[in-house]
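Written out below as structure tokens is the structure these notes cover.
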Protein chains: 4
Amino acid sequence: MVKIGVVGYGYWGPNLVRNFFSLPNCIVKTVVDLKTDRLSELKKLYPSIKTTTKMEEVLLDSEIDAVVVATPVSTHFKLGKKVLKAGKHLLLEKPMTTSLSEASKLIKLAKKRKKILMVDHTFLYTDAVQKIKELIEDGEIGKLLYFDSTRTNLGLFQSDVNVLWDLAVHDISILLFLIKEKPLSVQASGVSHTKNKLENIAFLMMKYPSGFIAHFNSSWSSPVKIRLILIGGSKKMIVYNDVEPTEKIKVYESGFKFINSKDPSRVRIDYRIGDINIPKIDLKEGLSSMAKDFISAIMYDKKPISNAQFGLEVVKILSLAQESLKKGEKPVFYK
Amino acid sequence: MVKIGVVGYGYWGPNLVRNFFSLPNCIVKTVVDLKTDRLSELKKLYPSIKTTTKMEEVLLDSEIDAVVVATPVSTHFKLGKKVLKAGKHLLLEKPMTTSLSEASKLIKLAKKRKKILMVDHTFLYTDAVQKIKELIEDGEIGKLLYFDSTRTNLGLFQSDVNVLWDLAVHDISILLFLIKEKPLSVQASGVSHTKNKLENIAFLMMKYPSGFIAHFNSSWSSPVKIRLILIGGSKKMIVYNDVEPTEKIKVYESGFKFINSKDPSRVRIDYRIGDINIPKIDLKEGLSSMAKDFISAIMYDKKPISNAQFGLEVVKILSLAQESLKKGEKPVFYK
Amino acid sequence: MVKIGVVGYGYWGPNLVRNFFSLPNCIVKTVVDLKTDRLSELKKLYPSIKTTTKMEEVLLDSEIDAVVVATPVSTHFKLGKKVLKAGKHLLLEKPMTTSLSEASKLIKLAKKRKKILMVDHTFLYTDAVQKIKELIEDGEIGKLLYFDSTRTNLGLFQSDVNVLWDLAVHDISILLFLIKEKPLSVQASGVSHTKNKLENIAFLMMKYPSGFIAHFNSSWSSPVKIRLILIGGSKKMIVYNDVEPTEKIKVYESGFKFINSKDPSRVRIDYRIGDINIPKIDLKEGLSSMAKDFISAIMYDKKPISNAQFGLEVVKILSLAQESLKKGEKPVFYK
Amino acid sequence: MVKIGVVGYGYWGPNLVRNFFSLPNCIVKTVVDLKTDRLSELKKLYPSIKTTTKMEEVLLDSEIDAVVVATPVSTHFKLGKKVLKAGKHLLLEKPMTTSLSEASKLIKLAKKRKKILMVDHTFLYTDAVQKIKELIEDGEIGKLLYFDSTRTNLGLFQSDVNVLWDLAVHDISILLFLIKEKPLSVQASGVSHTKNKLENIAFLMMKYPSGFIAHFNSSWSSPVKIRLILIGGSKKMIVYNDVEPTEKIKVYESGFKFINSKDPSRVRIDYRIGDINIPKIDLKEGLSSMAKDFISAIMYDKKPISNAQFGLEVVKILSLAQESLKKGEKPVFYK
């Protein structure tokens, strides 16, 4: 039985508490939040959970094995460090930190203390993304050609990070989970319609040595909620529409072939459209599998899927995007 | 009565012939194409139209007032010059030419010869785009914040231009029709999966002095046909989905407001979603209105909506995109 | 503060418990179910609630003011009678009972004991249905002409009632809530693909003196989930698509008019399609408002919206449908 | 080479002319219509076709082999008789006639004169319906359980027949094409909102000896255009959505199975949802294949798919529906 504390009961915290609470081998002992009205709401639903406004009560509680931190990203490094130094396993909400160096320091600290450090990239645990990974690894898609993602809605503007760190972070985690190749360059552009200069609309472009490209369109200012990822391969293409309630993934048998021709100006493509397949996927909550993975990692000392190194790779892409934005939206190299 | 000749009876030619044919004040006298099988197909449908493989038959025919050129863009300049020199009005298929200098030369020539020079940017004539323009000019949308367009399908790869010149050209024409402001910079990125190095997937980003941005996503390699334009304003937002058979335009009353706050780190947005309105629009063919505009321009010597200068502006954006692609996908300035 | 007991923690019970639990002026004291594994699941989520397999514990508990019965409909009469006889207010899951006489007896009993008797017709409390009622009562729709509802999915087959009592019951409750006129006749048809002879696909047709008609299509055997209600009026028409996440109601300004003509064989309709409006509606849970209405009815001794008489009217339509099915699917009169 | 005349150039006539015109082994010689403005419109598009307001010009023209009649259904019998008596093959627009006896008389006459008599049930020739037939005959769907069709729009009200004869006729033809079994009974209900008493909304129900049922929902008064057919089988189910531009047919692997149980009150269904398949279908015009079938039938003296007997069967169902409407909407037996 793993006993955990949760720090932060804001937007995402309730989902984390609900999922960890329902795991058979886990007890949610204490929840910390600065707002007492949030804590009394929690108390009504889960009278068995202790609530407090002081994080120290969790850090000093020797019964607590692990701490889940679901606070704004700008606080992740400081709070995460405290948790690891207190000798507890750590699950950080995504994104891991606001910089690469912070992520590296936490990884070192976790190694030193021999604690599990994991980042909640929930999408890796959804059946849709697992299915897509399976299709790619089984060779059904062929050589990967492109990844094109749109994630928009009329959203809550974050006050400490731009829209890439809030929305594109999901698509970046999905991309890194699906493809092993390292990018050549990262280029970002965007605009801020607020005084704090944080982009509320932003685009990201990654180019790869093999010719593969990834493009991301993120917006907090769209009247419609779009969650659409197109993945093109030499054999098949995948449309992953996360807004669809049940038919989330469509696999198109259609591809395109090059017709050889002596006249180079007459390159043409023979395209054909075959059947479309909508594979059956379970629709269980990804967050539940993520919570299980964290508890298992602690119990059996194994590496979780969404491990610290993975979380760092996501932060690396986001940091390069940030650099590109600063450098006049020019492409920057992935070193 | 205006008598016209049509040069090129390939993909788009039949639509042009059909529309000009049905106008009451226009006679389609002659159609030129190099392929005789295309010409016999036409002959079956329109026995009254003369067909020929020699463009000279049109140029030398003193009865013909105007010529419509619907050939690959790389031939527009050469063929257009011949038409104007032959003293005939000219309608060029979009895009106007492959370069800015070619477009300028044609404009000068047309002025000198006092002939109408027009470019077939059909979308300007659709009721959907007309309605959007009306909404913007009536102030219903408020200050324009962004334009985000996606135009993808599993398409015929062009052999002389990349996907921006083939697909994004439509969206660029719509944007230029809707907004008067001139851009600051143009940045493009893309990838070619063919040996001829022409991008089959490409993205375009335009930034404006006012903070307005425009983003374009164009692909010949998408399993799904998307024609989606989002336009955000300070008061309302428009979703223009051209794949929808009847409900093409949705106007969202929802906007977002800034909440004043002394703490700059706590900028938050109060968003609210009101009614959505789907304005009634006619669904008549834009091409028909375009054809009428050309004939009227000739008959009454007036400037058409999709005039030569407009066509040149579109070519200018496409040329800057081309330049950005060549310069390592860096932003280039609009001079 | 109203203290309640809940009998039945199967499919719907957890939703009832969750909603009553979160009301400020209500305490869920005890939950009864025959299955102890269901009760331990509940206990994990709500340690404060007492659980038992014996309904008597609730009936004999003088602290408990009201009982919610969420068991199969065939048990409603027997259990409901016990609750009322125990001197407690009663909320029955829909449909109220399996027959009109059972419903009448419960109403008499409730009157005698001066207890609130209410039926959980949740849809009456949704913002979508409330909005439609408002549109109709404001005269925006004009004279009502038809109501056409389809409710299908690949569902759990009920073992004690057919699909009309399980699915059409929702649509009937919505119809009765919206229209005051009493029907002339009820006609039903259907088919059973199971050995127990309960229809898994059924259609219901109601005709009204004014010419208004209502049609219902219900199926447990459809590959797709459809929840679509069309309401036609002389001025406007409403499409209520409950599968849509946010744009549930569309109001079409289009109507049709009769063109007077001396030649009776040339009756034609002039139809016109105007703007479409998608009114903003809240998306809060109807069940929560239903729970509030029950508690308010008890506290302030007022008639709830989904009161016993309303529940009886729904049972009456379902009983007439049953009669029509038995009589060779002929129409039967509403007396 | 088959020479044809076309009688009626109203709503559907232009489509017939266009398709017959483009067939290589057919010449459209003459078109008859009472309205001269319709004829001059035709003349502009097809200068080679003779136009006339007198049907006799077609009947007496010995060069004309066959006549296509596309006039209101109430005139089909009278005009069709003339065509056959003039010794010409006959294609009637759907539905064939307004009564069974008229249909029988035309069939007898055609046999006597040894002429092809065919009815334009276009849907039989679409690739979507052909694909569904193939799936059923290959046994992929299993035992057929139900057919449920909805065909609605805001339509032109016909002045000589009700909505069943105008819209449901399509679905009835599809059903009869797909299933060999003869129905037990036919029941119809509906309402007329016009003075001519012709139903503008109507429902049709057919029951079969095997337990199979068919249900039809037809309306000229719906704000939305729906063309949806659900076909349920013991193994698979088909959703045929004709409004979808490319993904018209979806095949659901999901079915339902009966769980054996000694307790008859506990019949439950184990349902499972597998992959969904969207088969590739051509999207060529059904009308073109229909026209070809008529010309082939004449040239090679073979029975067309949509032959006279098939047309009569459709009229039979429609006549029984009419009878049911007259008899107080009671079911009537199929003899």
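Identifiers in this document derive from the order of the structure tokens: chains are assigned A, B, ..., residues are numbered from 1 separately in each chain, and ligands are numbered from 1 in order of occurrence.
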
What residues in chain A lie within 10 Å of chain C, counting only C-alpha atoms, written as a list in words?
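Only these qualify: Arg18, Phe21, Ser22, Pro24, Glu41, Lys44, Leu45, Tyr46, Pro47, Ser48, Val243, Glu244 and Pro245 of chain A.
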
Preceding selection exported with N, CA and C atoms as an mmCIF file, in the first residue's frame:
```
data_model
loop_
_atom_site.group_PDB
_atom_site.id
_atom_site.type_symbol
_atom_site.label_atom_id
_atom_site.label_comp_id
_atom_site.auth_asym_id
_atom_site.auth_seq_id
_atom_site.Cartn_x
_atom_site.Cartn_y
_atom_site.Cartn_z
ATOM 1 N N ARG A 18 -9.197 11.887 -7.464
ATOM 2 C CA ARG A 18 -10.214 10.878 -7.781
ATOM 3 C C ARG A 18 -9.587 9.586 -8.291
ATOM 4 N N PHE A 21 -7.365 7.908 -5.560
ATOM 5 C CA PHE A 21 -8.265 7.435 -4.513
ATOM 6 C C PHE A 21 -8.859 6.070 -4.851
ATOM 7 N N SER A 22 -9.170 5.881 -6.136
ATOM 8 C CA SER A 22 -9.867 4.639 -6.484
ATOM 9 C C SER A 22 -8.919 3.472 -6.757
ATOM 10 N N PRO A 24 -6.617 0.398 -5.777
ATOM 11 C CA PRO A 24 -6.696 -0.488 -4.615
ATOM 12 C C PRO A 24 -5.441 -0.453 -3.725
ATOM 13 N N GLU A 41 -14.356 21.861 -0.090
ATOM 14 C CA GLU A 41 -15.038 21.112 -1.159
ATOM 15 C C GLU A 41 -14.549 19.663 -1.197
ATOM 16 N N LYS A 44 -15.838 17.489 1.644
ATOM 17 C CA LYS A 44 -17.218 17.022 1.503
ATOM 18 C C LYS A 44 -17.262 15.716 0.699
ATOM 19 N N LEU A 45 -16.429 15.650 -0.343
ATOM 20 C CA LEU A 45 -16.414 14.452 -1.182
ATOM 21 C C LEU A 45 -15.614 13.309 -0.563
ATOM 22 N N TYR A 46 -14.523 13.646 0.100
ATOM 23 C CA TYR A 46 -13.635 12.608 0.654
ATOM 24 C C TYR A 46 -13.357 12.912 2.121
ATOM 25 N N PRO A 47 -14.314 12.594 2.981
ATOM 26 C CA PRO A 47 -14.125 12.947 4.399
ATOM 27 C C PRO A 47 -12.901 12.267 5.005
ATOM 28 N N SER A 48 -12.424 11.181 4.376
ATOM 29 C CA SER A 48 -11.298 10.442 4.959
ATOM 30 C C SER A 48 -9.946 11.102 4.713
ATOM 31 N N VAL A 243 -11.852 14.837 -30.126
ATOM 32 C CA VAL A 243 -13.157 15.392 -29.789
ATOM 33 C C VAL A 243 -14.273 14.374 -30.048
ATOM 34 N N GLU A 244 -14.037 13.456 -30.977
ATOM 35 C CA GLU A 244 -14.983 12.362 -31.252
ATOM 36 C C GLU A 244 -15.189 11.521 -29.995
ATOM 37 N N PRO A 245 -16.427 11.260 -29.609
ATOM 38 C CA PRO A 245 -16.599 10.491 -28.375
ATOM 39 C C PRO A 245 -16.115 9.041 -28.477
#
```

So that I can check the surroundings of stretch 161-171 of chain B, please list as a ChimeraX atom specification every protein, DNA and RNA residue that reaches within 7 Å of it, counting only C-alpha atoms and ignoring chain neighbours fewer than 5 positions away.
/B:95,123,149,151,198-202,216,218-220,318

A:Gln322 surroundings by only C-alpha atoms, 9 Å radius, close-in-sequence under 4 positions cut, as a tab-separated table (two decimals) with C-alpha atoms, in the first residue's frame:
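Result written to around.tsv:
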```tsv
chain	number	residue	atom	x	y	z
A	164	LEU	CA	2.76	26.10	-26.12
A	187	GLN	CA	10.95	27.01	-35.09
A	188	ALA	CA	8.13	28.81	-33.35
A	317	ILE	CA	11.54	21.08	-27.16
A	318	LEU	CA	9.52	23.73	-25.37
A	326	LYS	CA	13.04	35.25	-28.82
A	327	LYS	CA	15.29	35.10	-31.87
```

Can you work out the spacing between atom CA of B:Ile213 and atom CA of A:Phe212 in Å, to one decimal?
26.2 Å

Let's see if you can do this: from backbone DSSP, list all strand (DSSP E) residues in stretch 42-147 of chain A, as number ranges by chain.
A: 50-52, 66-69, 89-93, 117-120, 144-147

So, with only C-alpha atoms as the atoms that count, which of D:Lys108, D:Lys195, D:Lys88, D:Lys94 lies closest to D:His76?
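Comparing D:Lys108, D:Lys195, D:Lys88, D:Lys94 against D:His76, the winner is D:Lys94.
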
Within 10 Å of D:Pro209 using only C-alpha atoms, minus same-chain residues under 2 positions, as a CSV table (one decimal) with N, CA and C atoms, in the first residue's frame:
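Result file follows (out_14.csv):
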```csv
chain,number,residue,atom,x,y,z
D,181,GLU,N,-37.4,-11.5,-49.0
D,181,GLU,CA,-38.6,-11.8,-48.3
D,181,GLU,C,-39.8,-10.9,-48.6
D,182,LYS,N,-41.0,-11.5,-48.6
D,182,LYS,CA,-42.2,-10.6,-48.8
D,182,LYS,C,-42.8,-10.2,-47.4
D,183,PRO,N,-43.2,-9.0,-47.3
D,183,PRO,CA,-43.8,-8.6,-46.0
D,183,PRO,C,-45.1,-9.3,-45.7
D,184,LEU,N,-45.4,-9.2,-44.4
D,184,LEU,CA,-46.7,-9.7,-43.9
D,184,LEU,C,-47.7,-8.6,-43.9
D,185,SER,N,-47.3,-7.4,-43.5
D,185,SER,CA,-48.2,-6.3,-43.4
D,185,SER,C,-47.5,-4.9,-43.6
D,207,LYS,N,-43.9,-5.3,-41.6
D,207,LYS,CA,-43.5,-6.5,-40.8
D,207,LYS,C,-43.4,-7.7,-41.6
D,211,GLY,N,-39.6,-12.0,-38.7
D,211,GLY,CA,-39.3,-11.1,-37.6
D,211,GLY,C,-38.6,-9.8,-38.0
D,212,PHE,N,-38.2,-9.8,-39.3
D,212,PHE,CA,-37.5,-8.6,-39.8
D,212,PHE,C,-38.6,-7.5,-39.9
D,213,ILE,N,-38.2,-6.3,-39.6
D,213,ILE,CA,-39.1,-5.1,-39.7
D,213,ILE,C,-38.4,-4.0,-40.5
```

Across B:Thr52, B:Glu329, B:Asp61, B:Ile136, the smallest distance to A:Met205, with only C-alpha atoms counted, is shown by B:Glu329
